[in-house]
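Structure data (mmCIF, C-alpha atoms) from target-v3.cif:
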```cif
data_target
#
loop_
_atom_site.label_atom_id
_atom_site.label_comp_id
_atom_site.auth_asym_id
_atom_site.auth_seq_id
_atom_site.Cartn_x
_atom_site.Cartn_y
_atom_site.Cartn_z
CA MET Y 166 28.34 9.67 9.73
CA SER Y 167 24.60 9.76 9.13
CA GLN Y 168 23.31 7.05 6.83
CA PRO Y 169 20.24 7.21 4.56
CA LEU Y 170 17.19 5.06 5.11
CA PRO Y 171 18.05 1.59 3.74
CA LEU Y 172 15.42 1.52 0.99
CA GLU Y 173 16.08 4.99 -0.43
CA GLY Y 174 15.88 4.73 -4.23
CA ILE Y 175 13.69 1.59 -4.22
CA THR Y 176 10.35 1.92 -6.03
CA VAL Y 177 7.45 -0.35 -5.12
CA VAL Y 178 4.23 -0.71 -7.12
CA ALA Y 179 1.41 -2.36 -5.19
CA VAL Y 180 -1.98 -3.57 -6.32
CA GLU Y 181 -3.24 -4.09 -2.82
CA GLN Y 182 -6.22 -4.04 -0.52
CA ALA Y 183 -7.24 -4.74 3.09
CA VAL Y 184 -4.29 -5.51 5.41
CA SER Y 185 -1.73 -8.11 4.35
CA ALA Y 186 -0.17 -6.39 1.33
CA PRO Y 187 -0.75 -2.80 2.55
CA PHE Y 188 0.92 -3.51 5.89
CA ALA Y 189 3.89 -5.15 4.11
CA THR Y 190 4.39 -2.20 1.77
CA ARG Y 191 3.98 0.31 4.60
CA GLN Y 192 7.04 -1.24 6.21
CA LEU Y 193 8.92 -0.66 2.95
CA ALA Y 194 7.72 2.96 2.79
CA ASP Y 195 8.79 3.57 6.40
CA LEU Y 196 12.29 2.41 5.47
CA GLY Y 197 12.53 4.89 2.60
CA ALA Y 198 11.01 3.13 -0.42
CA ARG Y 199 8.68 4.97 -2.75
CA VAL Y 200 5.40 3.04 -2.73
CA ILE Y 201 2.82 3.67 -5.47
CA LYS Y 202 -0.50 2.19 -4.36
CA ILE Y 203 -2.90 1.18 -7.14
CA GLU Y 204 -6.55 1.62 -6.15
CA ARG Y 205 -9.91 1.33 -7.87
CA PRO Y 206 -11.33 4.72 -8.93
CA ASP Y 207 -14.73 3.78 -7.45
CA GLY Y 208 -13.89 3.79 -3.75
CA GLY Y 209 -10.32 2.55 -3.76
CA ASP Y 210 -8.96 0.02 -1.30
CA PHE Y 211 -12.08 -1.30 0.43
CA ALA Y 212 -10.32 -0.88 3.79
CA ARG Y 213 -10.98 2.84 3.34
CA GLY Y 214 -14.60 2.06 4.23
CA TYR Y 215 -14.16 -0.22 7.25
CA ASP Y 216 -14.91 2.53 9.80
CA THR Y 217 -14.49 6.25 10.45
CA ALA Y 218 -12.75 6.03 13.83
CA ALA Y 219 -9.58 7.97 12.91
CA GLN Y 220 -10.95 11.50 12.52
CA GLY Y 221 -13.31 10.29 9.82
CA LEU Y 222 -10.82 7.89 8.23
CA ALA Y 223 -10.74 4.12 8.60
CA SER Y 224 -8.40 2.94 11.34
CA HIS Y 225 -7.13 -0.03 9.30
CA PHE Y 226 -6.34 2.24 6.36
CA VAL Y 227 -4.57 4.83 8.52
CA TRP Y 228 -2.46 2.09 10.11
CA CYS Y 229 -1.39 0.40 6.87
CA ASN Y 230 -1.06 3.12 4.26
CA ARG Y 231 0.99 6.09 5.40
CA GLY Y 232 3.81 7.28 3.18
CA LYS Y 233 2.30 6.01 -0.08
CA GLU Y 234 1.18 7.63 -3.33
CA SER Y 235 -2.36 6.77 -4.39
CA LEU Y 236 -2.97 6.14 -8.09
CA ALA Y 237 -6.61 5.40 -8.92
CA VAL Y 238 -6.75 3.13 -12.00
CA ASP Y 239 -9.38 0.75 -13.36
CA LEU Y 240 -7.59 -2.54 -13.98
CA LYS Y 241 -10.57 -3.90 -15.91
CA ASP Y 242 -9.72 -1.48 -18.71
CA PRO Y 243 -6.71 -2.40 -20.90
CA ARG Y 244 -5.57 1.22 -20.72
CA GLY Y 245 -5.42 0.91 -16.95
CA ILE Y 246 -3.31 -2.22 -17.16
CA ALA Y 247 -1.03 -0.44 -19.63
CA VAL Y 248 -0.45 2.33 -17.09
CA VAL Y 249 0.46 -0.18 -14.37
CA ARG Y 250 2.82 -2.01 -16.69
CA ARG Y 251 4.60 1.26 -17.49
CA LEU Y 252 5.12 1.75 -13.77
CA ILE Y 253 6.39 -1.81 -13.30
CA THR Y 254 8.97 -1.24 -16.04
CA GLY Y 255 10.75 1.22 -13.77
CA ALA Y 256 9.99 -0.48 -10.44
CA ASP Y 257 12.15 -2.61 -8.18
CA VAL Y 258 9.30 -4.39 -6.39
CA PHE Y 259 5.73 -5.32 -7.28
CA VAL Y 260 3.29 -6.56 -4.63
CA GLN Y 261 -0.26 -7.84 -5.09
CA ASN Y 262 -2.87 -9.57 -2.96
CA LEU Y 263 -5.79 -9.84 -5.36
CA ALA Y 264 -8.10 -12.85 -5.22
CA GLN Y 265 -6.37 -16.05 -6.31
CA GLY Y 266 -6.02 -16.14 -10.09
CA ALA Y 267 -6.98 -12.50 -10.66
CA ALA Y 268 -3.41 -11.25 -11.03
CA ALA Y 269 -2.59 -13.96 -13.57
CA ARG Y 270 -5.66 -13.02 -15.62
CA LEU Y 271 -4.41 -9.43 -15.64
CA GLY Y 272 -0.85 -10.46 -16.52
CA LEU Y 273 0.37 -9.29 -13.10
CA ASP Y 274 1.36 -12.55 -11.44
CA ALA Y 275 4.81 -12.74 -9.92
CA ALA Y 276 6.19 -15.54 -12.09
CA GLY Y 277 5.10 -13.92 -15.33
CA LEU Y 278 6.35 -10.47 -14.38
CA CYS Y 279 9.74 -11.78 -13.22
CA ALA Y 280 10.19 -13.68 -16.47
CA GLU Y 281 9.56 -10.43 -18.33
CA PHE Y 282 11.51 -8.17 -15.96
CA PRO Y 283 14.42 -10.21 -14.54
CA ARG Y 284 15.51 -7.59 -11.97
CA LEU Y 285 12.01 -7.22 -10.56
CA VAL Y 286 11.10 -8.65 -7.15
CA ALA Y 287 7.42 -9.60 -7.45
CA VAL Y 288 5.30 -10.73 -4.53
CA ASP Y 289 2.09 -12.76 -4.65
CA ILE Y 290 0.21 -12.81 -1.33
CA SER Y 291 -2.66 -15.27 -1.18
CA GLY Y 292 -4.81 -16.95 1.41
CA TYR Y 293 -3.74 -20.54 0.87
CA GLY Y 294 -1.17 -20.60 -1.93
CA ALA Y 295 -1.40 -21.07 -5.68
CA GLU Y 296 -2.07 -24.81 -5.67
CA GLY Y 297 -4.00 -27.34 -3.63
CA PRO Y 298 -7.66 -27.84 -2.78
CA TYR Y 299 -7.88 -24.53 -0.87
CA ALA Y 300 -6.22 -22.38 -3.54
CA HIS Y 301 -9.42 -20.57 -4.55
CA LYS Y 302 -11.10 -20.57 -1.15
CA ARG Y 303 -11.94 -17.16 0.31
CA ALA Y 304 -9.36 -16.22 2.91
CA TYR Y 305 -10.35 -13.46 5.29
CA ASP Y 306 -8.26 -13.09 8.41
CA MET Y 307 -10.60 -14.78 10.89
CA LEU Y 308 -11.25 -17.66 8.47
CA VAL Y 309 -7.51 -18.32 8.28
CA GLN Y 310 -7.20 -18.04 12.08
CA CYS Y 311 -9.72 -20.89 12.22
CA GLU Y 312 -8.04 -23.00 9.53
CA ALA Y 313 -4.61 -22.52 11.15
CA GLY Y 314 -5.86 -23.66 14.57
CA LEU Y 315 -5.11 -20.34 16.29
CA VAL Y 316 -8.70 -20.10 17.51
CA SER Y 317 -8.45 -23.58 19.03
CA VAL Y 318 -5.69 -22.51 21.42
CA THR Y 319 -6.98 -19.01 22.19
CA GLY Y 320 -9.72 -18.38 24.73
CA THR Y 321 -11.07 -20.13 27.78
CA PRO Y 322 -11.66 -23.85 28.32
CA GLU Y 323 -15.33 -23.22 27.51
CA GLN Y 324 -14.99 -20.84 24.57
CA PRO Y 325 -12.46 -20.52 21.74
CA VAL Y 326 -11.95 -16.95 20.56
CA LYS Y 327 -10.20 -15.21 17.69
CA ALA Y 328 -7.13 -13.10 18.28
CA GLY Y 329 -7.99 -9.45 18.86
CA ILE Y 330 -5.74 -8.34 15.99
CA PRO Y 331 -5.72 -9.61 12.37
CA ALA Y 332 -3.02 -12.17 13.11
CA ALA Y 333 -3.14 -13.99 9.78
CA ASP Y 334 -2.93 -10.75 7.82
CA VAL Y 335 -0.08 -9.43 9.96
CA ALA Y 336 1.84 -12.71 9.73
CA ALA Y 337 1.59 -12.72 5.93
CA ALA Y 338 2.53 -9.04 5.78
CA MET Y 339 5.68 -9.51 7.82
CA TYR Y 340 6.82 -12.53 5.80
CA ALA Y 341 6.17 -10.57 2.59
CA PHE Y 342 8.20 -7.66 4.00
CA SER Y 343 11.12 -9.87 5.00
CA GLY Y 344 10.83 -11.80 1.73
CA VAL Y 345 11.22 -8.58 -0.24
CA LEU Y 346 14.27 -7.58 1.78
CA ALA Y 347 15.84 -11.00 1.25
CA ALA Y 348 15.12 -10.92 -2.50
CA LEU Y 349 16.58 -7.40 -2.81
CA LEU Y 350 19.71 -8.55 -0.99
CA ARG Y 351 20.02 -11.51 -3.37
CA ARG Y 352 19.52 -9.18 -6.35
CA ALA Y 353 22.40 -7.04 -5.11
CA THR Y 354 24.74 -10.02 -5.49
CA THR Y 355 23.21 -11.84 -8.51
CA GLY Y 356 21.54 -9.04 -10.46
CA LEU Y 357 18.29 -11.00 -10.53
CA GLY Y 358 15.07 -10.39 -8.63
CA GLY Y 359 12.49 -13.15 -8.69
CA PRO Y 360 9.10 -14.17 -7.36
CA VAL Y 361 8.18 -14.18 -3.67
CA GLU Y 362 5.14 -16.26 -2.74
CA ILE Y 363 3.43 -15.81 0.61
CA SER Y 364 0.27 -17.45 1.92
CA MET Y 365 -1.67 -16.38 4.99
CA LEU Y 366 -2.21 -19.99 6.09
CA GLU Y 367 1.47 -20.92 5.86
CA SER Y 368 2.49 -17.71 7.63
CA LEU Y 369 0.14 -18.24 10.54
CA ALA Y 370 0.92 -21.96 10.67
CA GLU Y 371 4.56 -21.01 11.29
CA TRP Y 372 3.48 -18.77 14.17
CA MET Y 373 1.60 -21.76 15.59
CA GLY Y 374 4.92 -23.54 16.07
CA HIS Y 375 4.74 -24.11 19.83
CA PRO Y 376 1.21 -25.58 20.03
CA LEU Y 377 1.79 -27.44 16.76
CA HIS Y 378 4.95 -29.17 17.97
CA HIS Y 379 3.44 -29.73 21.40
CA GLY Y 380 0.49 -31.49 19.79
CA MET Y 381 2.41 -33.42 17.14
CA HIS Y 382 5.14 -34.68 19.43
CA GLY Y 383 3.50 -34.58 22.84
CA GLY Y 384 0.24 -36.19 21.88
CA THR Y 385 -2.13 -33.38 22.80
CA PRO Y 386 -2.12 -29.67 21.97
CA PRO Y 387 -1.98 -27.14 24.81
CA ALA Y 388 -5.35 -26.52 26.40
CA ARG Y 389 -7.10 -23.16 26.20
CA THR Y 390 -6.46 -21.50 29.53
CA GLY Y 391 -7.52 -17.87 29.09
CA LEU Y 392 -4.71 -15.67 30.37
CA ALA Y 393 -3.06 -18.57 32.17
CA HIS Y 394 -0.10 -20.41 30.69
CA ALA Y 395 -0.86 -23.96 29.62
CA VAL Y 396 2.24 -25.55 31.21
CA ILE Y 397 3.51 -23.03 33.78
CA ALA Y 398 1.95 -22.00 37.11
CA PRO Y 399 1.48 -19.45 38.46
CA TYR Y 400 1.31 -17.57 35.17
CA ASP Y 401 -1.97 -15.69 35.09
CA ALA Y 402 -3.71 -12.41 35.88
CA TYR Y 403 -4.94 -11.71 39.39
CA ALA Y 404 -7.31 -9.04 40.65
CA THR Y 405 -6.04 -6.29 42.93
CA SER Y 406 -7.88 -4.31 45.60
CA ASP Y 407 -8.46 -1.21 43.44
CA GLY Y 408 -10.14 -3.04 40.57
CA GLY Y 409 -7.04 -3.58 38.48
CA GLN Y 410 -5.36 -6.79 37.40
CA VAL Y 411 -1.73 -7.82 37.42
CA LEU Y 412 -0.29 -10.69 35.43
CA LEU Y 413 2.69 -12.45 36.95
CA SER Y 414 4.91 -15.21 35.70
CA VAL Y 415 6.97 -17.62 37.80
CA GLN Y 416 9.45 -19.31 35.47
CA ASN Y 417 11.21 -21.65 37.90
CA ASP Y 418 11.10 -23.00 41.43
CA ARG Y 419 13.59 -20.45 42.80
CA GLU Y 420 11.23 -17.69 41.72
CA TRP Y 421 8.33 -19.52 43.38
CA ARG Y 422 10.21 -19.52 46.67
CA ARG Y 423 10.85 -15.78 46.35
CA LEU Y 424 7.20 -15.17 45.51
CA ALA Y 425 6.06 -17.19 48.52
CA GLU Y 426 8.37 -15.35 50.89
CA GLN Y 427 8.36 -11.75 49.60
CA VAL Y 428 4.92 -11.34 48.02
CA LEU Y 429 2.60 -13.96 49.46
CA GLU Y 430 4.29 -13.68 52.88
CA ARG Y 431 3.92 -17.43 53.27
CA PRO Y 432 7.50 -18.77 53.02
CA GLU Y 433 6.37 -22.30 53.98
CA LEU Y 434 4.75 -22.64 50.54
CA GLY Y 435 8.18 -22.54 48.94
CA GLU Y 436 8.93 -26.04 50.23
CA ASP Y 437 5.37 -27.44 50.39
CA PRO Y 438 5.26 -30.54 48.13
CA ALA Y 439 1.96 -29.33 46.67
CA PHE Y 440 3.65 -26.18 45.34
CA ALA Y 441 7.43 -26.63 45.41
CA THR Y 442 7.83 -27.63 41.74
CA ASN Y 443 6.22 -26.35 38.56
CA THR Y 444 4.84 -29.83 37.91
CA ALA Y 445 3.12 -29.79 41.28
CA ARG Y 446 1.86 -26.23 40.88
CA THR Y 447 0.45 -27.00 37.45
CA ALA Y 448 -1.25 -30.14 38.74
CA ASN Y 449 -2.66 -28.07 41.62
CA ARG Y 450 -3.36 -25.01 39.50
CA ALA Y 451 -6.62 -24.10 41.28
CA LYS Y 452 -4.93 -24.12 44.70
CA THR Y 453 -1.92 -22.24 43.35
CA ASP Y 454 -4.10 -19.55 41.81
CA ALA Y 455 -6.13 -19.31 45.01
CA VAL Y 456 -3.17 -18.58 47.26
CA VAL Y 457 -1.66 -16.10 44.81
CA GLY Y 458 -5.01 -14.44 44.16
CA GLU Y 459 -5.76 -14.08 47.87
CA ALA Y 460 -2.46 -12.30 48.49
CA LEU Y 461 -2.74 -9.89 45.54
CA ALA Y 462 -6.35 -9.07 46.34
CA ARG Y 463 -5.13 -7.32 49.49
CA LEU Y 464 -2.85 -5.02 47.48
CA SER Y 465 -3.50 -2.14 45.11
CA THR Y 466 -2.22 -2.51 41.58
CA ASP Y 467 0.74 -0.21 42.27
CA GLU Y 468 1.54 -2.06 45.51
CA ALA Y 469 1.34 -5.45 43.80
CA VAL Y 470 3.64 -4.38 40.96
CA ALA Y 471 6.12 -2.81 43.38
CA ARG Y 472 6.26 -5.89 45.59
CA LEU Y 473 6.57 -8.29 42.64
CA GLU Y 474 9.34 -6.24 41.06
CA ALA Y 475 11.18 -5.99 44.37
CA GLY Y 476 11.06 -9.78 44.55
CA GLY Y 477 12.35 -10.19 40.99
CA ILE Y 478 9.06 -11.65 39.75
CA ALA Y 479 8.09 -10.85 36.16
CA CYS Y 480 4.81 -8.98 36.05
CA ALA Y 481 2.67 -6.67 33.94
CA ARG Y 482 -0.43 -4.55 34.29
CA LEU Y 483 -3.42 -5.60 32.19
CA ASN Y 484 -3.61 -2.49 30.08
CA THR Y 485 -6.36 -1.37 27.73
CA VAL Y 486 -5.63 0.13 24.32
CA THR Y 487 -6.21 3.52 25.94
CA ASP Y 488 -3.53 2.66 28.50
CA LEU Y 489 -1.21 1.68 25.64
CA ALA Y 490 -1.76 5.05 23.98
CA HIS Y 491 -0.44 6.68 27.18
CA HIS Y 492 2.16 4.06 28.10
CA PRO Y 493 5.02 5.68 30.03
CA GLN Y 494 7.68 3.56 28.31
CA LEU Y 495 6.57 4.64 24.84
CA ALA Y 496 6.52 8.24 26.00
CA ALA Y 497 9.95 7.98 27.63
CA ARG Y 498 11.43 6.60 24.40
CA SER Y 499 9.74 9.30 22.28
CA ARG Y 500 7.95 6.74 20.11
CA TRP Y 501 5.05 8.94 19.05
CA ARG Y 502 4.92 11.07 15.91
CA GLU Y 503 2.21 12.90 13.97
CA VAL Y 504 1.35 11.74 10.47
CA PRO Y 505 -0.45 14.08 8.04
CA SER Y 506 -3.77 12.87 6.65
CA PRO Y 507 -6.62 14.30 4.55
CA THR Y 508 -8.47 15.10 7.80
CA GLY Y 509 -5.55 16.48 9.80
CA PRO Y 510 -2.58 15.13 11.76
CA LEU Y 511 -2.91 11.73 13.44
CA ARG Y 512 -0.76 10.20 16.18
CA ALA Y 513 1.19 7.14 15.12
CA LEU Y 514 3.94 5.02 16.57
CA LEU Y 515 7.40 4.91 15.10
CA PRO Y 516 7.90 1.47 13.55
CA PRO Y 517 9.85 -0.93 15.80
CA ILE Y 518 12.88 -1.27 13.50
CA ASN Y 519 15.39 1.18 14.97
CA LEU Y 520 18.44 2.10 12.89
CA PRO Y 521 20.75 4.28 15.00
CA GLY Y 522 23.01 6.50 12.97
CA GLY Y 523 20.35 7.36 10.42
CA PRO Y 524 17.11 9.32 10.23
CA ASP Y 525 13.84 8.20 11.77
CA ALA Y 526 11.53 6.09 9.66
CA ARG Y 527 9.84 8.02 6.90
CA MET Y 528 6.29 8.26 8.21
CA GLY Y 529 4.73 10.02 5.26
CA PRO Y 530 1.17 11.30 4.81
CA ILE Y 531 -1.85 9.05 4.45
CA PRO Y 532 -3.01 9.58 0.86
CA ALA Y 533 -6.45 10.56 -0.32
CA LEU Y 534 -7.85 8.30 -3.02
CA GLY Y 535 -6.22 9.21 -6.34
CA GLU Y 536 -4.26 12.06 -4.78
CA HIS Y 537 -1.20 11.33 -6.94
CA THR Y 538 -2.89 10.08 -10.11
CA ASP Y 539 -2.05 13.00 -12.39
CA ALA Y 540 1.54 13.33 -11.15
CA VAL Y 541 2.28 9.63 -11.60
CA LEU Y 542 0.66 9.53 -15.05
CA ARG Y 543 2.74 12.49 -16.16
CA GLU Y 544 5.82 10.74 -14.82
CA VAL Y 545 5.24 7.70 -17.06
CA GLY Y 546 4.85 9.90 -20.14
CA LEU Y 547 1.15 10.66 -20.47
CA GLY Y 548 0.23 14.14 -21.60
CA ALA Y 549 -2.58 16.35 -20.37
CA THR Y 550 -4.89 15.35 -23.23
CA GLU Y 551 -4.39 11.62 -22.60
CA ILE Y 552 -4.93 12.03 -18.87
CA ALA Y 553 -8.11 14.03 -19.43
CA GLU Y 554 -9.41 11.33 -21.78
CA LEU Y 555 -8.69 8.56 -19.28
CA ARG Y 556 -10.36 10.55 -16.54
CA LYS Y 557 -13.40 11.25 -18.70
CA ASP Y 558 -13.76 7.53 -19.44
CA GLY Y 559 -13.40 6.59 -15.75
CA VAL Y 560 -10.15 4.69 -16.32
CA VAL Y 561 -8.37 6.83 -13.74
CA GLY Y 562 -9.65 8.83 -10.82
#
```
Could you render the structure as structure tokens?
Amino acid sequence: MSQPLPLEGITVVAVEQAVSAPFATRQLADLGARVIKIERPDGGDFARGYDTAAQGLASHFVWCNRGKESLAVDLKDPRGIAVVRRLITGADVFVQNLAQGAAARLGLDAAGLCAEFPRLVAVDISGYGAEGPYAHKRAYDMLVQCEAGLVSVTGTPEQPVKAGIPAADVAAAMYAFSGVLAALLRRATTGLGGPVEISMLESLAEWMGHPLHHGMHGGTPPARTGLAHAVIAPYDAYATSDGGQVLLSVQNDREWRRLAEQVLERPELGEDPAFATNTARTANRAKTDAVVGEALARLSTDEAVARLEAGGIACARLNTVTDLAHHPQLAARSRWREVPSPTGPLRALLPPINLPGGPDARMGPIPALGEHTDAVLREVGLGATEIAELRKDGVVG
């Protein structure tokens, strides 16, 4: 029997911008929730202006905001706040990621709202949390990557680099998403919602678990090793004869012996004391990489992958984002859909939560700024005259 999407009937109101909160609420929208996105009338979510790469729309905004209704309201005007509070009265979830302290000044902080509306799940997403010496520090993604130490373990021995995706924003978004689901499940049994507090630093610090524990308990954090693994060898990318690169990973000494025999065609290396154990291979990393690199350099990318897979050695092609957009596995699993937008349909991936027995995720249109303002205002009881007055005064857009 077909089941509905799990968040059908849940209403989310979000005062959000950039990535962390919008990406969290997009997950809720994909699972069936109604998400009403509150934006400034004068430009809206500033992520709308990051670039024009997606058929004239900003790629960040397209990624994080499908399936939402856009309500353009000036929160600096008491009438704007009154509109948002009317929406919250009928909402199940409220999410905000304003600058630290701003939501409290507006009366939209999670603790205050949950005290007033006991069934509400209210989420505060901040850079560093509500207390402590960093509470009011600016917290853009790359700044938090630096504070959390991610940059220190990413890159080459000579040069630390940031992650190529907004890792701190995404980490906070996914903990906010799972926090909402947990709070809704608790509400189903207790009848009470409650606050959910998420910080970007704490989220990314959790993702730093391996290097953090390695450093705390082992004395030194893992070194930056580019694409190589800090404590396993060979585990790196190697050039092939046609200009490609293949990353391979040998997880144990049995696999090394298979690699030596079936791929390198040098079976004697399987028992050579300089290479026979992972400890030895790691200590002799330059020699290990040299013998592996020499063998793969004689093969095309397809030949290298075929030989590695035949030998049971884990491997991957070093794909570009263009390669990802045409990845055969995504195509074979029918992961691509088209999402409507103000500038036409855009390709987008189905979200990775698969729920067999029910419909696909609800991948709704990307909203234009203020596209749903009048409809939402009518829904909360405002008449045409009131709406026209608010619009004339610039309170809504």
(message) Taking (15.8, -5.7, -2.6) in the coordinates of the supplied file, I want to know which residues reach to within 10 Å of it, counting all atoms listed in the file; could you give the answer as number ranges by chain?
(response) Y: 171-172, 175-176, 257-258, 284-286, 343-353, 357-358
(message) Would you compute the distance between atom CA of Y:Val288 and atom CA of Y:Val248? Give it in Å to one decimal.
(response) 19.0 Å
(request) Please evaluate the PyMOL selection byres ((chain Y and resi 180) around 7) against the structure above and give the resulting residues as an MDAnalysis selection string. (result) chainID Y and resid 178:179 181 202:204 260:262
(request) Just the residues within 6 Å of Y:Leu464, please, counting all atoms listed in the file, with nothing from its chain fewer than 2 positions along; format it as an NGL selection string. (result) :Y and (405-406 or 461-462 or 468-469)
(request) Measuring atom to atom with all atoms listed in the file, identify which of Y:Pro360, Y:Gly221, Y:Gly214, Y:Pro325 is nearest to Y:Gly391. (result) Y:Pro325
(request) Kindly give the distance, in Å, that separates atom CA of Y:Val396 and atom CA of Y:Arg450, rounded to a single decimal. (result)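 Atom-to-atom, atom CA of Y:Val396 and atom CA of Y:Arg450 are spaced 10.0 Å apart.
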(message) Counting all atoms listed in the file, which residue out of Y:Val227, Y:Ala451, Y:Ile363, Y:Leu222 sits closest to Y:Gln265?
(response)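 Going through Y:Val227, Y:Ala451, Y:Ile363, Y:Leu222 one by one, the smallest distance to Y:Gln265 is for Y:Ile363.
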(message) Quick check on the file I pasted: which residues fall under the PyMOL selection byres ((chain Y and resi 514) around 6)? Write them as a PyMOL selection string.
(response) chain Y and resi 500-501+513+515
(message) Need the shell around stretch 187-195 of chain Y: protein/DNA/RNA residues with any atom at most 8 Å away, counting only C-alpha atoms. Skip same-chain ones fewer than 3 positions apart. Format as an MDAnalysis selection string?
(response) chainID Y and resid 172 177 179 181:184 198:200 228:233 260 335 338:339 341:342 516 526:529
(request) Enter the distance from atom CA of Y:Val504 to atom CA of Y:Gly522, in Å, rounded to one decimal. (result)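 These two atoms are separated by 22.4 Å.
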(request) Just the residues within 7 Å of stretch 538-555 of chain Y, please, counting all atoms listed in the file, with nothing from its chain fewer than 3 positions along; format it as an MDAnalysis selection string. (result) chainID Y and resid 235:237 251:252 535 558:562
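With all atoms listed in the file as the atoms that count, the minimum distance from Y:Ser291 to the choices Y:Ala455, Y:Leu413, Y:Ala223, Y:Leu366 is reached by Y:Leu366.
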Because some atoms of stretch 547-552 of chain Y are absent here, can you restore all heavy atoms and send them as a JSON list (two decimals), in the coordinates of the input?
```json
[["chain", "number", "residue", "atom", "x", "y", "z"],
["Y", 547, "LEU", "N", 2.45, 10.28, -19.94],
["Y", 547, "LEU", "CA", 1.15, 10.66, -20.47],
["Y", 547, "LEU", "C", 1.01, 12.18, -20.45],
["Y", 547, "LEU", "O", 1.38, 12.84, -19.47],
["Y", 547, "LEU", "CB", 0.02, 10.02, -19.67],
["Y", 547, "LEU", "CG", -0.40, 8.60, -20.08],
["Y", 547, "LEU", "CD1", 0.71, 7.61, -19.78],
["Y", 547, "LEU", "CD2", -1.68, 8.18, -19.38],
["Y", 548, "GLY", "N", 0.45, 12.71, -21.50],
["Y", 548, "GLY", "CA", 0.23, 14.14, -21.60],
["Y", 548, "GLY", "C", -1.12, 14.53, -21.03],
["Y", 548, "GLY", "O", -1.97, 13.69, -20.70],
["Y", 549, "ALA", "N", -1.35, 15.83, -20.96],
["Y", 549, "ALA", "CA", -2.58, 16.35, -20.37],
["Y", 549, "ALA", "C", -3.81, 15.86, -21.12],
["Y", 549, "ALA", "O", -4.84, 15.54, -20.50],
["Y", 549, "ALA", "CB", -2.53, 17.88, -20.35],
["Y", 550, "THR", "N", -3.74, 15.79, -22.45],
["Y", 550, "THR", "CA", -4.89, 15.35, -23.23],
["Y", 550, "THR", "C", -5.21, 13.89, -22.94],
["Y", 550, "THR", "O", -6.38, 13.51, -22.75],
["Y", 550, "THR", "CB", -4.63, 15.54, -24.73],
["Y", 550, "THR", "OG1", -4.34, 16.92, -24.98],
["Y", 550, "THR", "CG2", -5.84, 15.11, -25.55],
["Y", 551, "GLU", "N", -4.17, 13.04, -22.90],
["Y", 551, "GLU", "CA", -4.39, 11.62, -22.60],
["Y", 551, "GLU", "C", -4.96, 11.43, -21.20],
["Y", 551, "GLU", "O", -5.88, 10.61, -21.00],
["Y", 551, "GLU", "CB", -3.06, 10.85, -22.70],
["Y", 551, "GLU", "CG", -2.50, 10.73, -24.10],
["Y", 551, "GLU", "CD", -1.13, 10.06, -24.08],
["Y", 551, "GLU", "OE1", -0.14, 10.73, -23.74],
["Y", 551, "GLU", "OE2", -1.07, 8.86, -24.39],
["Y", 552, "ILE", "N", -4.44, 12.16, -20.24],
["Y", 552, "ILE", "CA", -4.93, 12.03, -18.87],
["Y", 552, "ILE", "C", -6.39, 12.46, -18.78],
["Y", 552, "ILE", "O", -7.21, 11.80, -18.14],
["Y", 552, "ILE", "CB", -4.05, 12.87, -17.91],
["Y", 552, "ILE", "CG1", -2.64, 12.29, -17.85],
["Y", 552, "ILE", "CG2", -4.67, 12.90, -16.50],
["Y", 552, "ILE", "CD1", -1.65, 13.14, -17.08]]
```
